[in-house]
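Novice: Got a file for you: upload33.txt, compact mmCIF, C-alpha atoms and all ligand atoms.
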# COMPACT_ATOMS: atom_id res chain seq x y z
CA MET A 1 -16.49 -78.67 1.59
CA ASP A 2 -13.62 -78.43 4.02
CA LEU A 3 -11.94 -75.04 3.80
CA GLY A 4 -9.05 -76.20 5.93
CA VAL A 5 -7.80 -73.42 8.09
CA GLY A 6 -9.11 -70.54 5.98
CA ASN A 7 -7.20 -67.31 5.27
CA THR A 8 -6.07 -66.72 8.81
CA TYR A 9 -6.43 -68.78 11.95
CA LEU A 10 -5.66 -68.93 15.65
CA GLU A 11 -4.30 -72.22 16.79
CA VAL A 12 -5.21 -72.86 20.42
CA ASP A 13 -3.30 -75.58 22.22
CA LEU A 14 -5.84 -77.07 24.63
CA LYS A 15 -3.15 -79.02 26.50
CA LYS A 16 -1.75 -75.70 27.65
CA ILE A 17 -5.16 -74.46 28.77
CA LYS A 18 -5.60 -77.62 30.83
CA ALA A 19 -2.07 -77.37 32.25
CA ASN A 20 -2.74 -73.76 33.28
CA LEU A 21 -5.99 -74.81 34.96
CA MET A 22 -4.21 -77.60 36.81
CA LYS A 23 -1.61 -75.15 38.12
CA ILE A 24 -4.40 -72.95 39.45
CA LYS A 25 -6.09 -75.99 41.02
CA ASP A 26 -2.87 -77.17 42.69
CA HIS A 27 -2.32 -73.76 44.15
CA ILE A 28 -5.79 -73.06 45.54
CA GLY A 29 -6.13 -76.50 47.12
CA LYS A 30 -9.10 -78.77 47.70
CA ASP A 31 -11.30 -76.37 49.66
CA CYS A 32 -11.54 -73.83 46.88
CA GLU A 33 -12.72 -74.15 43.29
CA ALA A 34 -11.78 -72.20 40.17
CA MET A 35 -14.58 -70.55 38.24
CA PRO A 36 -12.81 -69.66 34.96
CA VAL A 37 -13.86 -66.43 33.28
CA LEU A 38 -14.62 -66.87 29.56
CA LYS A 39 -15.74 -63.36 28.69
CA ALA A 40 -14.85 -61.62 25.41
CA ASN A 41 -15.02 -64.82 23.37
CA ALA A 42 -12.79 -66.53 25.93
CA ALA A 43 -10.14 -63.87 25.32
CA GLY A 44 -10.49 -64.41 21.61
CA MET A 45 -9.91 -68.16 21.87
CA GLY A 46 -13.50 -69.16 21.10
CA LEU A 47 -16.26 -69.10 23.72
CA GLU A 48 -18.17 -72.29 22.90
CA GLU A 49 -15.18 -74.54 22.28
CA MET A 50 -13.41 -73.32 25.41
CA GLY A 51 -16.57 -73.76 27.46
CA LEU A 52 -17.11 -77.31 26.19
CA PHE A 53 -13.46 -78.15 26.81
CA ILE A 54 -13.07 -76.83 30.34
CA ALA A 55 -16.45 -78.11 31.53
CA GLY A 56 -16.19 -81.41 29.67
CA GLU A 57 -12.53 -82.30 30.08
CA CYS A 58 -11.02 -80.22 32.86
CA GLY A 59 -13.57 -80.82 35.61
CA VAL A 60 -14.73 -77.21 35.79
CA LYS A 61 -18.11 -77.00 37.55
CA THR A 62 -18.86 -73.28 37.17
CA ILE A 63 -18.02 -70.87 34.34
CA ALA A 64 -18.19 -67.09 34.68
CA VAL A 65 -18.99 -64.75 31.78
CA ALA A 66 -19.81 -61.05 31.49
CA GLN A 67 -23.15 -61.15 29.70
CA VAL A 68 -26.33 -63.23 29.52
CA PHE A 69 -25.79 -63.36 25.75
CA GLU A 70 -22.49 -65.19 26.31
CA ALA A 71 -24.09 -67.52 28.83
CA VAL A 72 -26.88 -68.41 26.40
CA ARG A 73 -24.36 -69.14 23.66
CA LEU A 74 -22.64 -71.57 26.03
CA ARG A 75 -25.95 -73.26 26.88
CA GLU A 76 -26.88 -73.57 23.21
CA ALA A 77 -23.50 -75.17 22.49
CA GLY A 78 -24.33 -77.80 25.10
CA VAL A 79 -22.42 -76.52 28.13
CA ASP A 80 -24.51 -77.70 31.07
CA CYS A 81 -22.37 -76.70 34.06
CA LYS A 82 -23.31 -73.76 36.28
CA ILE A 83 -22.87 -70.38 34.64
CA LEU A 84 -22.55 -67.03 36.41
CA VAL A 85 -22.94 -63.70 34.66
CA MET A 86 -20.75 -61.23 36.57
CA GLY A 87 -21.75 -57.91 35.00
CA GLY A 88 -24.83 -55.73 35.25
CA VAL A 89 -27.79 -57.23 33.34
CA PRO A 90 -30.11 -55.19 31.07
CA TYR A 91 -33.72 -56.05 31.90
CA ASP A 92 -34.43 -57.50 28.44
CA ASN A 93 -32.05 -60.37 29.22
CA VAL A 94 -33.77 -61.50 32.39
CA PRO A 95 -36.31 -63.92 30.83
CA ALA A 96 -33.54 -65.82 28.98
CA ALA A 97 -31.34 -65.91 32.06
CA VAL A 98 -34.16 -67.37 34.15
CA GLU A 99 -35.12 -69.87 31.47
CA TYR A 100 -31.56 -71.15 30.97
CA GLY A 101 -30.81 -71.31 34.68
CA ILE A 102 -28.10 -68.66 34.49
CA GLN A 103 -26.96 -67.09 37.75
CA MET A 104 -26.80 -63.31 37.93
CA PRO A 105 -25.58 -60.55 40.24
CA VAL A 106 -28.06 -58.68 42.41
CA PHE A 107 -27.38 -55.38 44.15
CA ASN A 108 -30.65 -53.48 44.24
CA ARG A 109 -34.30 -54.07 44.99
CA GLU A 110 -35.64 -53.12 41.59
CA PHE A 111 -33.66 -55.85 39.84
CA ALA A 112 -34.40 -58.39 42.59
CA THR A 113 -38.13 -57.75 42.23
CA LEU A 114 -37.97 -58.00 38.45
CA VAL A 115 -36.13 -61.34 38.53
CA ASP A 116 -38.52 -62.66 41.18
CA LYS A 117 -41.51 -61.79 39.02
CA GLU A 118 -40.02 -63.47 35.95
CA ALA A 119 -39.02 -66.58 37.93
CA ASN A 120 -42.55 -66.90 39.31
CA LYS A 121 -43.96 -66.44 35.83
CA GLN A 122 -41.81 -69.29 34.53
CA GLY A 123 -42.37 -71.43 37.62
CA LYS A 124 -38.65 -71.38 38.43
CA LYS A 125 -36.29 -70.26 41.15
CA SER A 126 -33.51 -67.93 40.06
CA LYS A 127 -30.10 -68.15 41.69
CA LEU A 128 -28.46 -64.81 42.38
CA HIS A 129 -25.14 -63.65 43.82
CA ILE A 130 -25.12 -60.49 45.93
CA LYS A 131 -22.45 -58.18 44.52
CA ILE A 132 -20.78 -56.12 47.22
CA GLU A 133 -19.40 -52.66 46.45
CA THR A 134 -15.94 -52.34 47.97
CA GLY A 135 -14.18 -49.78 45.80
CA MET A 136 -14.70 -50.32 42.07
CA ASN A 137 -17.94 -48.31 42.02
CA ARG A 138 -19.14 -50.25 38.97
CA ILE A 139 -21.94 -52.50 40.27
CA GLY A 140 -22.60 -53.59 43.83
CA VAL A 141 -24.35 -52.76 47.08
CA LYS A 142 -22.49 -51.09 49.94
CA PRO A 143 -22.25 -53.02 53.19
CA GLY A 144 -24.28 -51.55 56.04
CA GLU A 145 -27.61 -49.87 55.58
CA ASP A 146 -27.87 -50.48 51.81
CA LEU A 147 -27.13 -54.17 52.17
CA ASP A 148 -29.64 -54.45 55.02
CA GLY A 149 -32.30 -52.85 52.86
CA LEU A 150 -31.59 -55.28 50.03
CA VAL A 151 -31.77 -58.26 52.40
CA ASP A 152 -35.14 -57.04 53.72
CA CYS A 153 -36.41 -57.05 50.16
CA LEU A 154 -34.86 -60.42 49.20
CA LYS A 155 -36.37 -62.15 52.24
CA GLY A 156 -39.82 -61.56 50.80
CA LEU A 157 -39.10 -62.93 47.32
CA ASP A 158 -39.75 -66.63 46.86
CA GLY A 159 -38.65 -66.75 43.21
CA ILE A 160 -35.07 -66.02 44.22
CA GLU A 161 -32.39 -67.99 45.98
CA ILE A 162 -29.27 -66.21 47.24
CA THR A 163 -26.56 -68.60 46.13
CA GLY A 164 -23.52 -66.39 46.27
CA ILE A 165 -21.80 -63.24 47.45
CA TYR A 166 -18.82 -61.61 45.77
CA THR A 167 -16.81 -58.50 45.12
CA HIS A 168 -14.14 -57.45 42.64
CA LEU A 169 -10.64 -56.19 43.43
CA VAL A 170 -9.54 -53.07 41.60
CA GLU A 171 -5.75 -53.23 41.80
CA SER A 172 -4.80 -56.70 42.93
CA GLN A 173 -1.93 -56.78 40.41
CA ALA A 174 -0.23 -53.79 42.06
CA VAL A 175 2.85 -54.14 44.23
CA ASP A 176 1.11 -52.17 46.98
CA LYS A 177 -1.52 -54.53 48.41
CA SER A 178 -3.08 -52.09 50.87
CA PHE A 179 -6.23 -51.27 48.87
CA SER A 180 -6.83 -54.99 48.20
CA TYR A 181 -6.75 -55.58 51.96
CA ARG A 182 -9.13 -52.69 52.50
CA GLN A 183 -11.59 -54.20 50.02
CA PHE A 184 -11.11 -57.60 51.67
CA ASP A 185 -12.00 -56.14 55.10
CA LEU A 186 -15.12 -54.46 53.74
CA PHE A 187 -16.16 -57.73 52.13
CA LYS A 188 -15.65 -59.68 55.35
CA GLY A 189 -17.84 -57.10 57.07
CA ALA A 190 -20.57 -57.73 54.50
CA LEU A 191 -20.26 -61.49 54.99
CA ALA A 192 -20.67 -61.10 58.76
CA GLN A 193 -23.64 -58.83 58.19
CA LEU A 194 -25.33 -61.42 55.96
CA LYS A 195 -24.59 -64.15 58.48
CA GLY A 196 -26.25 -62.03 61.13
CA ARG A 197 -29.33 -61.98 58.93
CA GLY A 198 -29.27 -65.77 58.55
CA ILE A 199 -27.81 -65.87 55.04
CA SER A 200 -24.79 -68.10 54.33
CA PRO A 201 -24.26 -68.34 50.57
CA LYS A 202 -22.61 -71.39 49.05
CA TYR A 203 -20.44 -69.36 46.70
CA ILE A 204 -18.15 -66.77 48.22
CA HIS A 205 -15.65 -65.29 45.77
CA VAL A 206 -13.27 -62.35 45.55
CA CYS A 207 -10.07 -63.23 43.65
CA ASN A 208 -9.41 -62.46 40.00
CA SER A 209 -6.23 -63.72 38.33
CA ALA A 210 -3.71 -61.48 40.06
CA ALA A 211 -5.22 -62.14 43.50
CA THR A 212 -5.48 -65.90 42.88
CA VAL A 213 -1.69 -65.90 42.71
CA TRP A 214 -0.98 -64.18 46.02
CA PHE A 215 -4.13 -63.52 48.08
CA ASN A 216 -4.62 -66.88 49.82
CA GLU A 217 -6.62 -65.36 52.69
CA ALA A 218 -9.23 -64.21 50.18
CA TYR A 219 -9.85 -67.56 48.48
CA PHE A 220 -13.15 -68.37 50.27
CA THR A 221 -15.08 -71.01 48.23
CA HIS A 222 -14.21 -69.94 44.66
CA VAL A 223 -11.74 -67.85 42.67
CA ARG A 224 -12.51 -66.20 39.32
CA PRO A 225 -9.38 -66.36 37.16
CA GLY A 226 -9.54 -65.18 33.56
CA ARG A 227 -6.06 -64.33 32.38
CA LEU A 228 -4.31 -67.10 34.34
CA VAL A 229 -6.27 -69.68 32.36
CA TYR A 230 -4.97 -68.09 29.15
CA GLY A 231 -1.39 -68.20 30.38
CA MET A 232 -1.03 -64.60 31.53
CA ASP A 233 -0.16 -63.55 35.06
CA PRO A 234 -0.95 -59.85 35.49
CA ASN A 235 1.02 -59.39 38.74
CA ALA A 236 3.37 -56.43 38.58
CA ASP A 237 5.95 -57.68 41.09
CA VAL A 238 6.79 -61.27 40.12
CA ASN A 239 5.60 -62.09 36.63
CA ASN A 240 4.39 -65.61 35.82
CA ARG A 241 5.77 -67.32 38.90
CA TRP A 242 3.77 -70.47 38.09
CA GLY A 243 5.22 -70.89 34.60
CA LEU A 244 1.87 -70.60 32.82
CA GLU A 245 1.84 -71.04 29.07
CA PHE A 246 0.25 -68.88 26.37
CA PRO A 247 -1.64 -71.34 24.16
CA VAL A 248 -2.12 -69.29 20.98
CA THR A 249 -0.36 -68.94 17.63
CA TRP A 250 -1.97 -66.68 15.00
CA HIS A 251 -1.25 -67.59 11.38
CA ALA A 252 -1.83 -66.33 7.85
CA PHE A 253 -0.39 -67.26 4.42
CA VAL A 254 1.80 -65.79 1.70
CA THR A 255 -0.53 -65.35 -1.29
CA ASN A 256 1.82 -63.49 -3.61
CA LEU A 257 5.54 -62.71 -3.99
CA LYS A 258 7.02 -60.00 -6.14
CA GLU A 259 10.09 -57.87 -6.72
CA ILE A 260 9.74 -54.09 -6.86
CA GLU A 261 12.26 -51.41 -7.76
CA ALA A 262 13.19 -48.08 -6.14
CA GLY A 263 10.43 -45.56 -6.81
CA GLU A 264 7.58 -48.11 -6.97
CA THR A 265 4.84 -47.98 -4.37
CA VAL A 266 2.77 -50.48 -2.40
CA GLY A 267 -0.85 -50.23 -1.25
CA TYR A 268 -3.70 -47.72 -1.47
CA ASN A 269 -2.79 -44.09 -1.94
CA ARG A 270 0.75 -45.25 -2.71
CA TYR A 271 1.25 -45.62 1.07
CA PHE A 272 4.70 -47.24 0.95
CA LYS A 273 7.42 -45.99 -1.41
CA ALA A 274 10.42 -48.23 -2.09
CA ASP A 275 13.83 -46.57 -2.04
CA ARG A 276 15.63 -49.70 -3.24
CA HIS A 277 15.05 -53.04 -4.89
CA MET A 278 12.78 -55.10 -2.60
CA ARG A 279 11.03 -58.40 -2.32
CA VAL A 280 7.44 -58.01 -1.14
CA ALA A 281 5.07 -60.71 0.12
CA THR A 282 1.30 -60.27 0.13
CA LEU A 283 -0.39 -61.94 3.11
CA SER A 284 -3.91 -63.33 3.48
CA PHE A 285 -5.20 -61.14 6.32
CA GLY A 286 -5.94 -57.51 7.09
CA TYR A 287 -7.59 -55.16 9.54
CA GLY A 288 -10.94 -56.79 8.72
CA ASP A 289 -9.68 -59.71 10.79
CA GLY A 290 -9.29 -57.53 13.85
CA TYR A 291 -5.58 -56.96 13.33
CA ASN A 292 -4.95 -53.38 14.32
CA ARG A 293 -3.47 -51.34 11.45
CA ASN A 294 -1.69 -49.19 14.05
CA LEU A 295 0.78 -52.06 14.29
CA VAL A 296 1.77 -51.32 10.70
CA LEU A 297 2.19 -47.62 11.39
CA LYS A 298 4.20 -48.34 14.53
CA GLY A 299 6.70 -50.64 12.81
CA GLY A 300 5.21 -54.05 13.56
CA HIS A 301 6.19 -57.27 11.84
CA VAL A 302 5.22 -60.90 11.29
CA ILE A 303 7.47 -63.96 11.32
CA ILE A 304 8.10 -65.97 8.14
CA ASN A 305 10.48 -68.93 8.08
CA GLY A 306 11.59 -68.01 11.59
CA LYS A 307 12.58 -64.46 10.57
CA ARG A 308 11.04 -61.02 11.02
CA ALA A 309 9.18 -59.53 8.07
CA PRO A 310 8.27 -55.85 8.68
CA PHE A 311 4.91 -54.50 7.49
CA LEU A 312 4.77 -52.16 4.51
CA ASP A 313 1.00 -51.59 4.56
CA MET A 314 -2.29 -53.27 5.38
CA CYS A 315 -5.68 -53.28 3.65
CA MET A 316 -8.92 -54.70 4.99
CA ASP A 317 -8.28 -58.25 3.81
CA GLN A 318 -4.67 -58.37 2.68
CA SER A 319 -1.36 -56.96 3.85
CA PHE A 320 2.18 -56.43 2.61
CA VAL A 321 5.48 -57.31 4.28
CA ASP A 322 9.12 -56.85 3.32
CA VAL A 323 10.81 -60.23 2.79
CA THR A 324 13.95 -58.95 1.06
CA ALA A 325 16.13 -60.25 3.90
CA ILE A 326 14.42 -63.64 4.23
CA GLU A 327 15.74 -66.37 2.02
CA ASP A 328 13.62 -69.03 0.52
CA VAL A 329 10.16 -67.53 1.05
CA LYS A 330 7.71 -69.47 -1.06
CA MET A 331 4.12 -69.05 -2.11
CA ASN A 332 1.69 -70.31 0.56
CA ASN A 333 4.33 -70.13 3.31
CA ARG A 334 2.85 -69.54 6.74
CA ALA A 335 3.30 -66.20 8.48
CA VAL A 336 3.06 -66.00 12.26
CA LEU A 337 1.30 -62.86 13.49
CA LEU A 338 1.41 -63.73 17.18
CA GLY A 339 3.30 -66.51 18.92
CA ARG A 340 6.49 -68.42 18.16
CA ASP A 341 8.06 -69.59 14.92
CA GLY A 342 11.51 -71.13 15.29
CA GLU A 343 13.87 -68.78 17.09
CA GLU A 344 11.61 -65.75 16.73
CA GLU A 345 8.63 -64.98 18.91
CA ILE A 346 6.01 -62.25 18.97
CA SER A 347 4.89 -62.53 22.57
CA LEU A 348 1.47 -61.23 23.57
CA LEU A 349 3.24 -58.79 25.87
CA ASP A 350 5.33 -57.29 23.04
CA PHE A 351 2.33 -57.34 20.71
CA SER A 352 0.10 -55.45 23.14
CA LYS A 353 2.88 -53.06 24.15
CA LEU A 354 3.40 -52.03 20.53
CA LEU A 355 -0.35 -51.69 20.18
CA GLY A 356 -0.52 -49.58 23.33
CA GLU A 357 -3.33 -51.74 24.78
CA GLY A 358 -3.68 -54.23 27.59
CA TYR A 359 -3.19 -57.81 26.46
CA MET A 360 -6.78 -58.85 27.07
CA ASN A 361 -7.80 -55.97 24.86
CA ALA A 362 -5.44 -57.20 22.14
CA MET A 363 -6.91 -60.71 22.31
CA ALA A 364 -10.55 -59.67 22.62
CA THR A 365 -10.50 -57.71 19.37
CA ILE A 366 -9.30 -60.58 17.15
CA GLY A 367 -12.02 -60.87 14.53
CA GLU A 368 -14.74 -63.41 14.07
CA ARG A 369 -13.46 -64.14 10.55
CA VAL A 370 -10.26 -65.61 12.01
CA ARG A 371 -10.85 -69.33 12.30
CA ARG A 372 -10.12 -71.01 15.61
CA ILE A 373 -8.34 -74.33 15.32
CA TYR A 374 -7.93 -76.49 18.40
CA LYS A 375 -4.94 -78.65 18.97
CA GLY A 376 -4.48 -81.35 21.57
CA MET A 377 -6.79 -83.32 23.80
CA GLY A 378 -10.46 -83.43 23.09
CA ALA A 379 -10.32 -81.06 20.13
CA HIS A 380 -13.35 -81.91 18.09
CA ARG A 381 -14.21 -78.90 16.02
CA CYS A 382 -12.42 -76.45 13.79
C1 LIG A 401 -12.87 -59.94 34.18
C2 LIG A 401 -13.22 -60.29 35.55
C3 LIG A 401 -12.52 -61.30 36.22
C4 LIG A 401 -11.31 -62.00 35.64
O1 LIG A 401 -10.26 -61.09 35.46
P1 LIG A 401 -8.75 -61.58 35.30
O2 LIG A 401 -7.94 -60.48 35.81
O3 LIG A 401 -8.53 -61.81 33.85
O4 LIG A 401 -8.61 -62.82 36.07
C5 LIG A 401 -12.96 -61.66 37.47
N1 LIG A 401 -14.03 -61.05 38.06
C6 LIG A 401 -14.71 -60.06 37.46
C7 LIG A 401 -15.86 -59.42 38.15
C8 LIG A 401 -14.32 -59.63 36.18
O5 LIG A 401 -14.99 -58.65 35.59
Before we go any further, please render this structure as structure tokens.
Ligand SMILES: *Cc1c(COP(=O)(O)O)cnc(C)c1O
Specialist:
Amino acid sequence: MDLGVGNTYLEVDLKKIKANLMKIKDHIGKDCEAMPVLKANAAGMGLEEMGLFIAGECGVKTIAVAQVFEAVRLREAGVDCKILVMGGVPYDNVPAAVEYGIQMPVFNREFATLVDKEANKQGKKSKLHIKIETGMNRIGVKPGEDLDGLVDCLKGLDGIEITGIYTHLVESQAVDKSFSYRQFDLFKGALAQLKGRGISPKYIHVCNSAATVWFNEAYFTHVRPGRLVYGMDPNADVNNRWGLEFPVTWHAFVTNLKEIEAGETVGYNRYFKADRHMRVATLSFGYGDGYNRNLVLKGGHVIINGKRAPFLDMCMDQSFVDVTAIEDVKMNNRAVLLGRDGEEEISLLDFSKLLGEGYMNAMATIGERVRRIYKGMGAHRC
């Protein structure tokens, strides 16, 4: 049975994803490749579908994710391009990573030895990227003595191939670029050190989204843009200079319409009290869909028929909005929670500002129950 779009759905326009990718490609030129970052369910847009689309129809050769679990989900969906896990890997995940040919970071001997043992056990060679610590202090090995020690260890491990070297910039979106340059210099030092030890990895990558936009000297062989692919340029100085497009509209439906009088209440614990005659619409989504109820408390709204409808309250699966001022609202009308409807728009920036979160955070928490519907080229699954 086809449920159509369900109670609430995100519509993702794949043409915009591809257009954003092409803008990145044009900018970085032929000698550098983009390795899109699909972590956090591809910023809420659907990990598997996005992976299949960008690898299958946008010419992407390598995808980056945060966890082995995400990488395995991509493999099981049929994504057969190269996959790099960027974050620290719990030891339990190593056998699956080796089996599925998933590349991982390496920055200490214990992990290197563990992966080598597993690769030998499975009769495979595991491809690893050396993560260099340049200022984030999250994962990575410091250039100099520590890196030398790691190289000594790696040289003796035949189950491992050093395929890449990378680092991560901590404030590349800032107007002041000085710390980015400091990290860049440290990284170049590490590269020279590796070269001196006879190691020249095929993948050399530093730039996240913000840096991809301005840090041409740091392109090396690959860049790792996440947010740019999703139409968001995090740079603080010039915002969205490439004209990237946000591909998402989030919808729900009007499931009931009613008139209430002054003194009547709406929701659990009589949360909203009417002080006048009002028209109230019940909508088909709630905080169980990952919509943050704080948006109700902070005066958020949805768009119905191109007009703003302020929240009155929200339950787990249903919510209430004031439609007194909107003419012609009918049962089963669509409400837009995020995105554009006619003249009105709830931009991701406004949405996340009201929420008090970064915009990736706002996208990453959209619930699993929200269906993802793909529009445009190559869409083959709802
Ligand atoms: C998340 C992440 C990225 C992508 O970040 P954006 O700013 O969205 O481009 C790149 N590299 C690493 C290591 C990351 O953790």
Novice: Using only C-alpha atoms, which protein or nucleic acid residues come within 9 Å of A:Gly144? Drop anything in the same chain fewer than 4 positions from it, and give the result as a ChimeraX atom specification.
Specialist: /A:148-149,189-190,193
Novice: Could you list, as a list in words, all residues that come within 6 Å of ligand LIG 401 (chain A)? Count only C-alpha atoms and all ligand atoms.
Specialist: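 Those residues are Val37, Met86, His168, Asn208, Ser209, Arg224, Pro225, Gly226 and Arg227 of chain A.
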Novice: Go ahead and fit an axis-aligned box to every listed atom of stretch 243-247 of chain A plus 3 Å each side, and pass me the centre and edge lengths in Å, one decimal, as JSON.
Specialist:
{"center_x": 1.8, "center_y": -70.1, "center_z": 29.4, "size_x": 12.9, "size_y": 8.5, "size_z": 16.4}
Novice: Hey, which bits of stretch 233-307 of chain A sit within 10 Å of stretch 12-16 of chain A, and for each residue what's the closest pair of atoms and how far apart in Å (one decimal), counting only C-alpha atoms, rows by chain and increasing number, as a tab-separated table?
Specialist:
residue	atom	partner	partner_atom	distance
A:Leu244	CA	A:Lys16	CA	8.1
A:Glu245	CA	A:Lys16	CA	6.1
A:Phe246	CA	A:Lys16	CA	7.2
A:Pro247	CA	A:Asp13	CA	4.9
A:Val248	CA	A:Val12	CA	4.8
A:Thr249	CA	A:Val12	CA	6.8
A:Trp250	CA	A:Val12	CA	8.8
Novice: I'd like the contact shell of stretch 333-346 of chain A - 10 Å cut-off, all atoms listed in the file, skipping same-chain residues fewer than 2 positions apart - returned as JSON, numbers by chain.
Specialist: {"A": [8, 9, 10, 11, 246, 247, 248, 249, 250, 251, 252, 253, 254, 255, 256, 281, 283, 284, 285, 291, 300, 301, 302, 303, 304, 305, 306, 307, 308, 309, 328, 329, 330, 331, 348, 349, 350, 351, 352]}
Novice: Have a look at A:Leu147, A:Arg279, A:Met1, A:Ala364 and name the one nearest to A:Glu327; count all atoms listed in the file.
Specialist: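 Residue with the minimum atom-to-atom distance to A:Glu327: A:Arg279.
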Novice: Mind pulling up the distance from atom CA of A:Val229 to atom CA of A:Ala40?
Specialist: 13.7 Å
Novice: Go through A:Ala262, A:Ala42, A:Val321, A:Ala112 one by one, measure the shortest atom-to-atom distance of each to A:Asp152 using only C-alpha atoms, and give the residue with the smallest value.
Specialist: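 Using only C-alpha atoms, the shortest distance to A:Asp152 belongs to A:Ala112.
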Novice: Counting all atoms listed in the file, figure out which residue out of A:Glu76, A:Asp158, A:Glu57, A:Asp92 gets nearest to A:Ala119.
Specialist: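 Nearest to A:Ala119: A:Asp158.
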Novice: Can you find the residues with an atom no farther than 10 Å from (-4.7, -72.5, 46.2), counting all atoms listed in the file, and report them as a list in words?
Specialist: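 The requested residues, written out, are Lys23, Ile24, Lys25, Asp26, His27, Ile28, Gly29, Lys30, Asp31, Cys32, Glu33, Ala34, Thr212, Val213, Trp214, Phe215, Asn216, Glu217, Tyr219, His222 and Val223 of chain A.
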Novice: Please identify all polymer residues lying at most 10 Å from the point (10.3, -45.5, -3.1) (file coordinates), using all atoms listed in the file, and present the result as JSON, numbers by chain.
Specialist: {"A": [260, 261, 262, 263, 264, 265, 266, 270, 271, 272, 273, 274, 275, 276, 277, 278]}
Novice: Tell me, in Å to one decimal, how far atom CA of A:Asn332 is from atom CA of A:Glu259.
Specialist: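 Atom CA of A:Glu259 lies at a distance of 16.7 Å from atom CA of A:Asn332.
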Novice: List the neighbours of stretch 182-186 of chain A out to 8 Å using all atoms listed in the file; skip same-chain residues closer than 2 positions along the sequence, and give me the result as number ranges by chain.
Specialist: A: 134-135, 143, 169, 178-180, 188-190, 218
Novice: Nearest to A:Thr163: which of A:Ala236, A:Leu228, A:Val65, A:Leu84 is it, counting all atoms listed in the file?
Specialist: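 When distances to A:Thr163 are compared using all atoms listed in the file, the smallest one comes from A:Leu84.
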Novice: Give the answer as one residue: which of A:Gln122, A:Thr282, A:Thr113, A:Asn361 has the shortest atom-to-atom distance to A:Val98, using all atoms listed in the file?
Specialist: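 Between A:Gln122, A:Thr282, A:Thr113, A:Asn361, the residue approaching A:Val98 most closely is A:Gln122.
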Novice: Mind checking which residues fall within 12 Å of A:Glu49, counting all atoms listed in the file, ignoring those fewer than 2 positions away in the same chain, and posting them as an NGL selection string?
Specialist: :A and (12-14 or 17 or 38 or 41-42 or 44-47 or 51-57 or 73-79 or 372-375 or 378-382)
Novice: Using all atoms listed in the file, which protein or nucleic acid residues come within 10 Å of A:Ala97? Drop anything in the same chain fewer than 3 positions from it, and give the result as a list in words.
Specialist: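 Final neighbour list, sorted by chain and number: Gln67, Val68, Phe69, Ala71, Val72, Ile83, Leu84, Val85, Val89, Asp92, Asn93, Val94, Tyr100, Gly101, Ile102, Gln103, Met104, Val115, Glu118, Ala119, Ser126 and Lys127 of chain A.
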Novice: Have a look at A:Val141, A:Ile130, A:Val238, A:Leu114 and name the one nearest to A:Ala174; count only C-alpha atoms.
Specialist: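 That would be A:Val238, the residue with the smallest distance to A:Ala174.
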